[in-house]
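S.K.: Sharing structure.txt (compact mmCIF, C-alpha atoms and all ligand atoms) below.
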# COMPACT_ATOMS: atom_id res chain seq x y z
CA MET A 151 102.53 84.96 117.33
CA GLN A 152 103.63 87.02 114.34
CA ALA A 153 101.18 88.10 111.63
CA ALA A 154 101.37 90.40 108.59
CA PHE A 155 98.72 93.14 108.59
CA ILE A 156 97.62 95.35 105.73
CA HIS A 157 97.06 98.77 107.29
CA ALA A 158 96.44 100.83 104.19
CA ILE A 159 97.53 101.12 100.59
CA ARG A 160 101.09 99.78 100.20
CA ASP A 161 101.38 99.60 103.97
CA ILE A 162 102.03 96.12 105.37
CA ARG A 163 103.40 95.81 108.89
CA MET A 164 104.25 92.92 111.12
CA GLY A 165 102.20 92.66 114.29
CA THR A 166 101.03 90.03 116.70
CA LEU A 167 97.91 87.96 117.18
CA PRO A 168 97.12 85.73 120.14
CA VAL A 169 97.88 82.06 119.47
CA PRO A 170 94.45 80.65 118.64
CA SER A 171 93.05 78.35 121.26
CA PRO A 172 91.29 75.31 119.87
CA ALA A 173 87.57 75.98 119.75
CA ASN A 174 84.84 73.38 119.44
CA ASP A 175 84.58 72.05 115.91
CA ARG A 176 87.76 73.83 114.76
CA LEU A 177 91.23 72.43 114.46
CA ARG A 178 94.47 74.27 115.09
CA LEU A 179 96.84 74.40 112.14
CA ALA A 180 100.40 75.60 111.62
CA VAL A 181 100.44 77.52 108.35
CA ALA A 182 102.94 75.97 105.92
CA GLY A 183 102.71 78.19 102.82
CA VAL A 184 100.60 81.12 101.64
CA GLY A 185 100.20 82.42 98.09
CA ILE A 186 99.94 86.12 97.29
CA CYS A 187 96.88 86.36 95.04
CA GLY A 188 95.80 89.03 92.59
CA SER A 189 92.80 89.63 94.83
CA ASP A 190 95.13 90.35 97.79
CA LEU A 191 96.82 92.96 95.61
CA HIS A 192 93.56 94.88 95.26
CA TYR A 193 93.59 95.42 99.03
CA TYR A 194 97.27 96.32 98.88
CA LEU A 195 97.05 98.72 95.92
CA GLU A 196 93.50 100.09 96.21
CA GLY A 197 92.45 99.45 99.79
CA GLY A 198 89.69 97.04 98.89
CA ILE A 199 87.56 95.23 96.32
CA GLY A 200 84.21 96.88 95.70
CA ALA A 201 82.34 97.20 98.99
CA ALA A 202 84.92 95.06 100.84
CA ARG A 203 87.30 97.70 102.21
CA ILE A 204 90.07 97.74 104.79
CA ALA A 205 88.18 99.16 107.78
CA GLU A 206 90.93 98.24 110.22
CA PRO A 207 94.26 96.46 109.77
CA PHE A 208 93.64 92.87 108.72
CA VAL A 209 95.68 89.79 107.93
CA PRO A 210 95.34 88.71 104.28
CA GLY A 211 96.00 85.25 102.87
CA HIS A 212 93.44 82.77 101.54
CA GLU A 213 95.60 80.44 99.44
CA PHE A 214 97.33 78.25 101.97
CA SER A 215 98.48 74.87 103.09
CA ALA A 216 99.01 73.88 106.70
CA ARG A 217 99.98 71.14 109.11
CA VAL A 218 97.39 69.86 111.55
CA ILE A 219 98.85 70.39 115.03
CA ASP A 220 95.64 70.12 117.04
CA ASP A 221 95.51 67.56 119.87
CA ASN A 222 92.12 66.48 118.51
CA ALA A 223 93.47 65.76 115.01
CA ALA A 224 92.91 62.01 115.26
CA ALA A 225 89.25 62.45 116.22
CA TYR A 226 88.72 63.95 112.77
CA GLY A 227 90.81 61.43 110.88
CA PHE A 228 94.01 63.48 110.63
CA SER A 229 97.40 62.60 112.03
CA LYS A 230 99.36 65.21 113.95
CA GLY A 231 101.74 67.05 111.65
CA GLN A 232 99.86 66.00 108.53
CA LEU A 233 99.98 68.42 105.58
CA VAL A 234 96.55 69.55 104.37
CA ALA A 235 95.07 71.99 101.87
CA VAL A 236 92.50 74.36 103.32
CA ASP A 237 89.41 75.63 101.54
CA PRO A 238 89.24 79.31 102.62
CA ALA A 239 85.49 79.61 102.06
CA GLU A 240 82.93 78.85 104.73
CA PRO A 241 79.54 79.24 103.07
CA CYS A 242 76.49 79.43 105.35
CA GLY A 243 74.99 76.17 104.10
CA ALA A 244 71.50 77.48 104.72
CA CYS A 245 70.72 80.05 102.03
CA GLU A 246 69.03 79.55 98.67
CA HIS A 247 72.37 79.53 96.80
CA CYS A 248 74.03 77.05 99.14
CA HIS A 249 70.99 74.76 98.75
CA ASP A 250 71.16 75.27 95.01
CA ALA A 251 74.72 73.83 94.90
CA HIS A 252 76.29 77.27 94.36
CA PRO A 253 78.08 77.81 97.69
CA ASN A 254 80.59 80.04 95.85
CA LEU A 255 77.73 82.54 95.46
CA CYS A 256 76.71 82.48 99.14
CA PRO A 257 76.29 86.11 100.28
CA ASN A 258 76.84 85.06 103.90
CA VAL A 259 80.19 83.36 103.28
CA ARG A 260 83.01 83.76 105.77
CA PHE A 261 86.10 83.91 103.63
CA THR A 262 89.49 83.53 105.28
CA GLY A 263 91.65 86.53 104.43
CA ALA A 264 88.85 88.86 103.26
CA PRO A 265 87.91 91.58 105.74
CA PRO A 266 86.67 91.30 108.42
CA TYR A 267 88.09 87.76 108.61
CA ASN A 268 91.82 87.47 109.16
CA GLY A 269 93.76 85.23 106.81
CA ALA A 270 96.70 82.88 106.82
CA LEU A 271 99.69 85.25 106.79
CA THR A 272 100.43 84.26 110.36
CA GLU A 273 101.89 81.30 112.21
CA GLN A 274 98.76 79.43 113.28
CA ILE A 275 95.10 79.42 112.32
CA LEU A 276 91.91 77.55 113.11
CA ALA A 277 89.82 75.81 110.47
CA ARG A 278 86.78 73.56 110.28
CA PRO A 279 87.67 69.91 109.71
CA GLU A 280 85.36 69.89 106.65
CA ALA A 281 87.53 72.58 105.05
CA LEU A 282 90.64 70.39 105.23
CA PHE A 283 91.77 68.11 102.43
CA ALA A 284 94.16 65.25 103.08
CA LEU A 285 96.92 65.07 100.47
CA PRO A 286 99.06 62.34 98.95
CA ASP A 287 102.46 61.97 100.65
CA SER A 288 104.18 63.07 97.47
CA MET A 289 102.66 66.55 97.61
CA THR A 290 104.74 69.49 98.82
CA ALA A 291 103.53 72.44 100.90
CA THR A 292 104.06 74.64 97.83
CA GLU A 293 101.92 72.43 95.59
CA ALA A 294 99.28 72.29 98.29
CA VAL A 295 99.08 76.11 98.34
CA MET A 296 98.61 76.15 94.59
CA LEU A 297 95.51 73.92 94.79
CA GLU A 298 93.44 77.00 95.62
CA PRO A 299 94.33 79.04 92.50
CA LEU A 300 94.12 75.80 90.50
CA GLY A 301 90.60 75.45 91.89
CA VAL A 302 89.76 78.92 90.58
CA ALA A 303 91.03 77.81 87.16
CA ILE A 304 89.01 74.57 87.30
CA HIS A 305 85.86 76.53 88.12
CA ALA A 306 86.50 78.81 85.14
CA LEU A 307 86.81 75.74 82.89
CA ASP A 308 83.60 74.30 84.35
CA LEU A 309 81.86 77.46 83.18
CA ALA A 310 83.74 77.77 79.87
CA ARG A 311 83.38 74.13 78.75
CA PRO A 312 85.92 74.28 75.93
CA GLU A 313 85.25 71.84 73.10
CA ILE A 314 87.81 69.88 71.12
CA LEU A 315 89.66 72.16 68.71
CA ASP A 316 87.90 75.31 69.92
CA SER A 317 90.23 78.24 69.47
CA VAL A 318 90.76 79.75 72.91
CA ALA A 319 92.09 83.20 73.71
CA ILE A 320 93.29 83.68 77.29
CA LEU A 321 93.82 87.28 78.33
CA GLY A 322 96.39 87.64 81.11
CA ALA A 323 99.37 85.34 81.68
CA GLY A 324 99.39 85.61 85.46
CA PRO A 325 99.11 82.48 87.61
CA ILE A 326 95.38 82.03 86.93
CA GLY A 327 95.76 82.49 83.17
CA LEU A 328 98.68 80.04 83.12
CA LEU A 329 96.72 77.43 85.08
CA ILE A 330 93.72 77.89 82.80
CA ALA A 331 95.96 77.44 79.74
CA GLN A 332 97.19 74.10 81.05
CA LEU A 333 93.64 72.92 81.76
CA VAL A 334 92.41 74.01 78.32
CA ARG A 335 95.27 72.02 76.84
CA LEU A 336 94.04 68.90 78.66
CA THR A 337 90.59 69.25 77.10
CA GLY A 338 91.85 69.03 73.51
CA ALA A 339 90.79 72.56 72.68
CA GLY A 340 93.18 74.79 70.80
CA PRO A 341 94.99 76.66 69.51
CA ILE A 342 95.51 78.46 72.81
CA LEU A 343 96.43 82.08 72.19
CA MET A 344 97.47 84.18 75.16
CA VAL A 345 97.75 87.92 75.55
CA ASP A 346 99.86 89.76 78.11
CA PRO A 347 101.55 93.14 77.89
CA LEU A 348 104.63 91.86 79.78
CA ALA A 349 107.23 90.17 77.58
CA TYR A 350 108.55 87.91 80.35
CA ARG A 351 105.07 86.59 81.06
CA ARG A 352 104.48 85.88 77.37
CA GLU A 353 107.61 83.77 77.49
CA VAL A 354 106.29 81.86 80.52
CA ALA A 355 102.96 81.34 78.72
CA LEU A 356 104.69 79.44 75.93
CA HIS A 357 105.87 76.93 78.54
CA HIS A 358 102.40 76.49 80.01
CA GLY A 359 100.36 75.37 77.05
CA ALA A 360 100.01 78.45 74.85
CA GLU A 361 100.72 78.03 71.12
CA ALA A 362 101.35 81.73 70.83
CA ALA A 363 101.50 84.71 73.15
CA PHE A 364 100.84 88.25 72.01
CA ALA A 365 101.28 91.73 73.44
CA SER A 366 97.90 92.98 72.33
CA VAL A 367 94.45 91.67 71.62
CA ALA A 368 94.64 93.01 68.06
CA ASP A 369 97.10 90.21 67.39
CA ILE A 370 94.38 87.66 68.18
CA THR A 371 92.17 89.17 65.51
CA GLU A 372 95.02 89.05 63.04
CA ARG A 373 96.04 85.51 63.96
CA THR A 374 92.45 84.27 63.48
CA LYS A 375 92.17 86.16 60.17
CA GLY A 376 89.59 88.53 61.55
CA ARG A 377 87.28 85.80 62.84
CA GLY A 378 88.16 85.90 66.53
CA ALA A 379 88.35 83.05 69.05
CA ASP A 380 85.54 80.59 69.83
CA LEU A 381 86.14 81.04 73.53
CA VAL A 382 87.78 83.89 75.40
CA ILE A 383 88.78 83.59 79.04
CA GLU A 384 89.64 86.88 80.68
CA ALA A 385 92.06 86.63 83.61
CA THR A 386 93.54 90.11 83.88
CA ASN A 387 93.26 92.88 86.46
CA SER A 388 92.56 95.51 83.82
CA PRO A 389 89.35 97.55 83.53
CA LEU A 390 89.77 97.04 79.77
CA GLY A 391 89.86 93.26 80.07
CA PHE A 392 86.16 92.79 79.35
CA ALA A 393 86.27 95.07 76.28
CA HIS A 394 89.36 93.25 75.04
CA ALA A 395 87.58 89.93 75.51
CA VAL A 396 84.74 91.23 73.33
CA ASP A 397 87.28 92.23 70.69
CA ALA A 398 88.93 88.81 70.79
CA ALA A 399 85.70 86.79 70.55
CA ARG A 400 84.20 85.55 67.30
CA ILE A 401 80.59 86.22 66.30
CA GLY A 402 78.49 83.88 68.46
CA GLY A 403 81.48 83.25 70.73
CA ARG A 404 81.69 82.79 74.48
CA ILE A 405 83.44 84.81 77.15
CA VAL A 406 84.21 83.82 80.73
CA LEU A 407 85.34 86.63 83.00
CA VAL A 408 87.61 85.49 85.80
CA GLY A 409 89.77 88.55 86.53
CA ILE A 410 88.97 91.27 89.03
CA PRO A 411 89.39 94.68 87.38
CA GLU A 412 91.20 97.52 89.10
CA HIS A 413 88.92 99.98 90.86
CA ASP A 414 85.96 97.62 90.48
CA THR A 415 85.14 98.98 87.04
CA TYR A 416 84.98 97.77 83.45
CA SER A 417 85.66 100.41 80.86
CA GLY A 418 85.70 100.74 77.11
CA LEU A 419 82.76 98.40 76.52
CA VAL A 420 80.94 99.05 73.24
CA ALA A 421 77.36 97.82 73.50
CA SER A 422 76.81 97.40 69.78
CA ALA A 423 79.93 95.29 69.34
CA MET A 424 78.81 92.95 72.12
CA ARG A 425 75.24 92.76 70.84
CA ARG A 426 76.09 92.23 67.20
CA LYS A 427 78.37 89.36 68.09
CA GLY A 428 75.57 87.74 70.11
CA LEU A 429 78.09 86.80 72.76
CA THR A 430 77.45 84.43 75.65
CA ILE A 431 79.09 85.89 78.76
CA ARG A 432 79.64 84.16 82.07
CA MET A 433 81.08 85.56 85.28
CA SER A 434 83.29 83.27 87.33
CA ARG A 435 83.12 83.70 91.11
CA ARG A 436 85.69 81.85 93.21
CA MET A 437 85.09 78.10 92.89
CA GLY A 438 82.70 75.23 93.33
CA ASP A 439 83.54 71.70 94.46
CA VAL A 440 87.00 71.57 92.94
CA TYR A 441 89.52 70.32 95.50
CA PRO A 442 89.33 66.59 94.70
CA ARG A 443 90.05 67.33 91.02
CA ALA A 444 92.78 69.86 91.83
CA ILE A 445 94.52 67.30 94.05
CA ARG A 446 94.38 64.62 91.35
CA LEU A 447 95.64 66.96 88.63
CA VAL A 448 98.71 67.82 90.68
CA ALA A 449 99.29 64.32 92.08
CA GLU A 450 99.10 62.82 88.60
CA ARG A 451 101.42 65.54 87.25
CA LYS A 452 98.88 66.69 84.68
CA VAL A 453 99.33 70.30 85.69
CA ASP A 454 102.56 72.08 86.65
CA VAL A 455 101.88 74.39 89.56
CA THR A 456 105.42 74.94 90.81
CA THR A 457 107.36 76.39 87.87
CA MET A 458 105.27 79.56 88.15
CA VAL A 459 106.26 80.00 91.82
CA THR A 460 109.10 82.40 91.16
CA HIS A 461 109.56 83.93 94.62
CA ARG A 462 109.60 82.58 98.19
CA PHE A 463 109.64 84.71 101.34
CA ASP A 464 109.67 84.43 105.12
CA LEU A 465 106.68 85.78 107.02
CA ALA A 466 108.68 88.83 108.15
CA ASP A 467 109.20 89.74 104.48
CA THR A 468 105.52 89.68 103.54
CA GLY A 469 105.68 93.37 102.63
CA LYS A 470 108.49 92.63 100.20
CA ALA A 471 106.46 89.74 98.76
CA PHE A 472 103.51 92.02 98.04
CA ALA A 473 105.70 94.75 96.55
CA THR A 474 107.50 92.28 94.30
CA VAL A 475 104.30 90.90 92.81
CA ALA A 476 102.52 94.25 92.63
CA ASP A 477 105.44 95.82 90.78
CA TYR A 478 106.01 92.81 88.48
CA ALA A 479 109.58 93.04 89.72
CA ASP A 480 112.34 90.56 89.06
CA GLY A 481 110.33 88.35 86.71
CA ALA A 482 107.69 87.69 89.36
CA VAL A 483 104.79 85.42 88.51
CA LYS A 484 103.72 83.87 91.82
CA ALA A 485 105.13 84.60 95.29
CA LEU A 486 104.65 82.39 98.32
CA VAL A 487 105.28 83.15 101.99
CA TYR A 488 106.28 80.38 104.42
CA PRO A 489 105.19 81.48 107.92
CA ASN A 490 106.89 78.62 109.77
CA GLY A 491 110.13 78.66 107.83
CA PRO A 492 111.11 77.44 104.38
CA GLU A 493 109.83 74.16 103.06
CA ALA A 494 112.10 71.26 104.01
ZN ZN B 1 93.12 83.82 95.27
ZN ZN B 2 74.81 80.34 101.88
What do you get writing this file as C-alpha cells?

M.R.:
Amino acid sequence: MQAAFIHAIRDIRMGTLPVPSPANDRLRLAVAGVGICGSDLHYYLEGGIGAARIAEPFVPGHEFSARVIDDNAAAYGFSKGQLVAVDPAEPCGACEHCHDAHPNLCPNVRFTGAPPYNGALTEQILARPEALFALPDSMTATEAVMLEPLGVAIHALDLARPEILDSVAILGAGPIGLLIAQLVRLTGAGPILMVDPLAYRREVALHHGAEAAFASVADITERTKGRGADLVIEATNSPLGFAHAVDAARIGGRIVLVGIPEHDTYSGLVASAMRRKGLTIRMSRRMGDVYPRAIRLVAERKVDVTTMVTHRFDLADTGKAFATVADYADGAVKALVYPNGPEA
C-alpha cells in the first residue's frame, strides 16, 4: 500500500508499506483523514523535535480518523466500516506518571507518527481497540480528524483554567490557537486578544472568538493600558513566543505554553521581567483524557473545527500539503490528507 515518507528536510516521497496483517489485540483500520500538524512541520523543516530526529525515512501523521475494517470489529463492539477517532498515544500504563493519571507525560509512550513509529499518512493502520472512539453518526471524517488538535486545546484549557472575565491573550492564530480561542469563549473569560504576524490569520481569528487580533505583542500592552493580560496562552512555533508571553502577561499573571518553538529553543527571555511579574508558568504536553469532551463539543456544535480546514489533498499529494502549510501559502490554516479518497 502507498505511504508518504519524510526522508529529510523538505523531502517527502511516496513509498510502499506492507498491508498490515491483523495482530492480536489490534484492529485494522482504513485511514479516512489525516491532519498536518505544526509538530509534523518540525520534522519537515528541521528534521526533528529535540532528541526525536529522523533517523530513517518515516511516515508522519498522528491526527487521524479511520474506518474499522477488521474482521474482528464486532468482538470489540465496532461495526465494520464504522468511522472512529484514534488516540495516537499509547502510554505504557505501568510507570509512575501513568499511575499518577498523567499518561501524557509517560516517557515510554509509543506515539503514532513520531519516530520510530510510523504514522497515519498511509492507507491502512493497526490500532488498539482502547485507542478508538466511536462517534455520533452526524460526525464527518474531517471533524473526527480535528478531535485530536481540539484535544490539545482542551488540555491547554485544563491547565490554564480561565476565569469569568479574565482577559486572555492568545499568541498564534494557527489551528491550536483558534481552537483555544473558541474554548476560552465558552468559559466566559474575555476579552480574548490574539496576536499573529500574518494578516490573513488575524482575520480568521476574528471569526473564531477573538475580540481583537494584533500583529505584535506590544499591541496587547497598549490595549490593556500597560497592565497586560490575566492569562496568556502561547501557541506559536517561534523561539520568541515565551518571551512575548512574558511581555503580554500582567503582574501576577499566568502563562501556559502550548507551542513547540523552532529549533527546540526559547530565546529573548529576560529573567528579571519574569521574576518581577511573579508569573505562574505551565507547560502543556499533548493531552490528558480529552476525547469524550472533544466529541461532545463538536457533536453539540459548540466548537467549529471545519472552517479552519482550508486545504484538502490526496495521499499522493502529501508533499504538496506539507509545503502549503509550511509556507503559509494560499491562505492555509489547516490541511488534511485523505488517504482513501476524498470524503463522500
Ligand atoms: Zn498534532
Ligand atoms: Zn507510562

S.K.: Write out as a list of chain:residue names each polymer residue (protein, DNA or RNA) that has an atom no more than 7 Å from ligand ZN 2 (chain B), with only C-alpha atoms and all ligand atoms counted.

M.R.: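 Residues satisfying the distance criterion: A:Pro241, A:Cys242, A:Gly243, A:Ala244, A:Cys245, A:Glu246, A:His247, A:Cys248, A:Pro253, A:Cys256, A:Pro257, A:Asn258, A:Val259.
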
S.K.: Report as a PyMOL selection string which protein, DNA and RNA residues come within 6 Å of ligand ZN 1 (chain B), using only C-alpha atoms and all ligand atoms.

M.R.: chain A and resi 187+189+213+299

S.K.: At a cut-off of 10 Å, can you tabulate as CSV every residue of segment 208-304 of chain A near segment 333-354 of chain A together with its closest atom pair and the distance in Å to one decimal, using only C-alpha atoms and ordering rows by chain then number?

M.R.:
residue,atom,partner,partner_atom,distance
A:Leu300,CA,A:Leu333,CA,9.2
A:Ala303,CA,A:Leu333,CA,7.7
A:Ile304,CA,A:Leu333,CA,7.4

S.K.: Measure the distance from atom CA of Ala479 of chain A to atom CA of Arg163 of chain A in Å and round it to one decimal.

M.R.: 20.3 Å

S.K.: Which segment 203-271 of chain A residues have any atom within 10 Å of an atom of segment 421-445 of chain A, and for each, what is the nearest pair of atoms with distance in Å to one decimal, counting all atoms listed in the file, rows sorted by chain and number, as CSV?

M.R.:
residue,atom,partner,partner_atom,distance
A:Ala235,CA,A:Tyr441,CA,8.6
A:Val236,CA,A:Tyr441,CA,9.3
A:Asp237,CA,A:Tyr441,CA,8.0
A:Ala239,CA,A:Arg436,CA,9.1
A:Ala251,CA,A:Gly438,CA,8.3
A:His252,CA,A:Gly438,CA,6.8
A:Pro253,CA,A:Gly438,CA,6.9
A:Asn254,CA,A:Met437,CA,5.7
A:Leu255,CA,A:Arg435,CA,7.0

S.K.: Please, what distance in Å, to one decimal, runs between atom CA of Asp190 of chain A and atom CA of Pro265 of chain A?

M.R.: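 So the answer is 10.8 Å.
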
S.K.: Can you tell me, as a PDB file with C-alpha atoms, keeping the file's coordinate frame, what residues are no more than 12 Å from segment 228-233 of chain A when counting only C-alpha atoms, ignoring any on the same chain fewer than 3 positions away?

M.R.:
ATOM      1  CA  LEU A 177      91.230  72.430 114.460  1.00  0.00           C
ATOM      2  CA  ARG A 178      94.470  74.270 115.090  1.00  0.00           C
ATOM      3  CA  LEU A 179      96.840  74.400 112.140  1.00  0.00           C
ATOM      4  CA  ALA A 180     100.400  75.600 111.620  1.00  0.00           C
ATOM      5  CA  VAL A 181     100.440  77.520 108.350  1.00  0.00           C
ATOM      6  CA  ALA A 182     102.940  75.970 105.920  1.00  0.00           C
ATOM      7  CA  GLY A 183     102.710  78.190 102.820  1.00  0.00           C
ATOM      8  CA  PHE A 214      97.330  78.250 101.970  1.00  0.00           C
ATOM      9  CA  SER A 215      98.480  74.870 103.090  1.00  0.00           C
ATOM     10  CA  ALA A 216      99.010  73.880 106.700  1.00  0.00           C
ATOM     11  CA  ARG A 217      99.980  71.140 109.110  1.00  0.00           C
ATOM     12  CA  VAL A 218      97.390  69.860 111.550  1.00  0.00           C
ATOM     13  CA  ILE A 219      98.850  70.390 115.030  1.00  0.00           C
ATOM     14  CA  ASP A 220      95.640  70.120 117.040  1.00  0.00           C
ATOM     15  CA  ASP A 221      95.510  67.560 119.870  1.00  0.00           C
ATOM     16  CA  ASN A 222      92.120  66.480 118.510  1.00  0.00           C
ATOM     17  CA  ALA A 223      93.470  65.760 115.010  1.00  0.00           C
ATOM     18  CA  ALA A 224      92.910  62.010 115.260  1.00  0.00           C
ATOM     19  CA  ALA A 225      89.250  62.450 116.220  1.00  0.00           C
ATOM     20  CA  VAL A 236      92.500  74.360 103.320  1.00  0.00           C
ATOM     21  CA  PRO A 279      87.670  69.910 109.710  1.00  0.00           C
ATOM     22  CA  GLU A 280      85.360  69.890 106.650  1.00  0.00           C
ATOM     23  CA  LEU A 282      90.640  70.390 105.230  1.00  0.00           C
ATOM     24  CA  PHE A 283      91.770  68.110 102.430  1.00  0.00           C
ATOM     25  CA  ALA A 284      94.160  65.250 103.080  1.00  0.00           C
ATOM     26  CA  LEU A 285      96.920  65.070 100.470  1.00  0.00           C
ATOM     27  CA  PRO A 286      99.060  62.340  98.950  1.00  0.00           C
ATOM     28  CA  ASP A 287     102.460  61.970 100.650  1.00  0.00           C
ATOM     29  CA  SER A 288     104.180  63.070  97.470  1.00  0.00           C
ATOM     30  CA  MET A 289     102.660  66.550  97.610  1.00  0.00           C
ATOM     31  CA  THR A 290     104.740  69.490  98.820  1.00  0.00           C
ATOM     32  CA  ALA A 291     103.530  72.440 100.900  1.00  0.00           C
ATOM     33  CA  THR A 292     104.060  74.640  97.830  1.00  0.00           C
ATOM     34  CA  GLU A 293     101.920  72.430  95.590  1.00  0.00           C
ATOM     35  CA  ALA A 294      99.280  72.290  98.290  1.00  0.00           C
ATOM     36  CA  VAL A 295      99.080  76.110  98.340  1.00  0.00           C
ATOM     37  CA  GLU A 493     109.830  74.160 103.060  1.00  0.00           C
TER      38      GLU A 493
END

S.K.: In file coordinates, which residues lie within 9 Å of (102.8, 86.5, 114.7) using all atoms listed in the file, given as a list in words?

M.R.: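 Output of the proximity query reads Met151, Gln152, Ala153, Ala154, Met164, Gly165, Thr166, Leu167, Pro168, Val169, Leu271, Thr272, Glu273, Gln274, Leu465 and Pro489 of chain A.
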
S.K.: For a test of reading the model, state the distance in Å between atom CA of Leu328 of chain A and atom CA of Ala355 of chain A, rounded to one decimal.

M.R.: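 Answer for the atom CA of Leu328 of chain A to atom CA of Ala355 of chain A separation: 6.3 Å.
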
S.K.: Considering only C-alpha atoms, can you say which of A:Pro172, A:Gly322, A:Gly301, A:Pro207 comes closest to Pro238 of chain A?

M.R.: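 Ranked by minimum distance to Pro238 of chain A, first place goes to A:Gly301.
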
S.K.: Using all atoms listed in the file, which of A:Val406, A:Leu276, A:Ala270, A:Leu321 sits nearest Gly391 of chain A?

M.R.: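 For Gly391 of chain A, the nearest of the candidates is A:Leu321.
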
S.K.: Just add N, CA and C atoms to segment 312-326 of chain A and send it as a PDB file, keeping the file's coordinate frame.

M.R.:
ATOM      1  N   PRO A 312      85.298  74.271  77.257  1.00  0.00           N
ATOM      2  CA  PRO A 312      85.920  74.280  75.930  1.00  0.00           C
ATOM      3  C   PRO A 312      85.660  72.959  75.196  1.00  0.00           C
ATOM      4  N   GLU A 313      85.456  73.043  73.900  1.00  0.00           N
ATOM      5  CA  GLU A 313      85.250  71.840  73.100  1.00  0.00           C
ATOM      6  C   GLU A 313      86.496  71.542  72.298  1.00  0.00           C
ATOM      7  N   ILE A 314      86.635  70.302  71.876  1.00  0.00           N
ATOM      8  CA  ILE A 314      87.810  69.880  71.120  1.00  0.00           C
ATOM      9  C   ILE A 314      88.031  70.800  69.927  1.00  0.00           C
ATOM     10  N   LEU A 315      89.233  71.283  69.800  1.00  0.00           N
ATOM     11  CA  LEU A 315      89.660  72.160  68.710  1.00  0.00           C
ATOM     12  C   LEU A 315      89.035  73.555  68.719  1.00  0.00           C
ATOM     13  N   ASP A 316      88.310  73.904  69.771  1.00  0.00           N
ATOM     14  CA  ASP A 316      87.900  75.310  69.920  1.00  0.00           C
ATOM     15  C   ASP A 316      89.158  76.173  69.967  1.00  0.00           C
ATOM     16  N   SER A 317      89.145  77.281  69.256  1.00  0.00           N
ATOM     17  CA  SER A 317      90.230  78.240  69.470  1.00  0.00           C
ATOM     18  C   SER A 317      89.935  79.010  70.755  1.00  0.00           C
ATOM     19  N   VAL A 318      90.966  79.144  71.591  1.00  0.00           N
ATOM     20  CA  VAL A 318      90.760  79.750  72.910  1.00  0.00           C
ATOM     21  C   VAL A 318      91.752  80.886  73.100  1.00  0.00           C
ATOM     22  N   ALA A 319      91.230  82.071  73.358  1.00  0.00           N
ATOM     23  CA  ALA A 319      92.090  83.200  73.710  1.00  0.00           C
ATOM     24  C   ALA A 319      92.044  83.365  75.222  1.00  0.00           C
ATOM     25  N   ILE A 320      93.207  83.446  75.843  1.00  0.00           N
ATOM     26  CA  ILE A 320      93.290  83.680  77.290  1.00  0.00           C
ATOM     27  C   ILE A 320      93.977  85.020  77.491  1.00  0.00           C
ATOM     28  N   LEU A 321      93.265  85.942  78.105  1.00  0.00           N
ATOM     29  CA  LEU A 321      93.820  87.280  78.330  1.00  0.00           C
ATOM     30  C   LEU A 321      94.411  87.333  79.728  1.00  0.00           C
ATOM     31  N   GLY A 322      95.706  87.581  79.812  1.00  0.00           N
ATOM     32  CA  GLY A 322      96.390  87.640  81.110  1.00  0.00           C
ATOM     33  C   GLY A 322      97.178  86.368  81.362  1.00  0.00           C
ATOM     34  N   ALA A 323      98.504  86.492  81.420  1.00  0.00           N
ATOM     35  CA  ALA A 323      99.370  85.340  81.680  1.00  0.00           C
ATOM     36  C   ALA A 323      99.922  85.400  83.096  1.00  0.00           C
ATOM     37  N   GLY A 324      99.048  85.754  84.043  1.00  0.00           N
ATOM     38  CA  GLY A 324      99.390  85.610  85.460  1.00  0.00           C
ATOM     39  C   GLY A 324      99.144  84.163  85.870  1.00  0.00           C
ATOM     40  N   PRO A 325      99.289  83.864  87.157  1.00  0.00           N
ATOM     41  CA  PRO A 325      99.110  82.480  87.610  1.00  0.00           C
ATOM     42  C   PRO A 325      97.774  81.858  87.186  1.00  0.00           C
ATOM     43  N   ILE A 326      96.686  82.600  87.294  1.00  0.00           N
ATOM     44  CA  ILE A 326      95.380  82.030  86.930  1.00  0.00           C
ATOM     45  C   ILE A 326      95.310  81.757  85.431  1.00  0.00           C
TER      46      ILE A 326
END
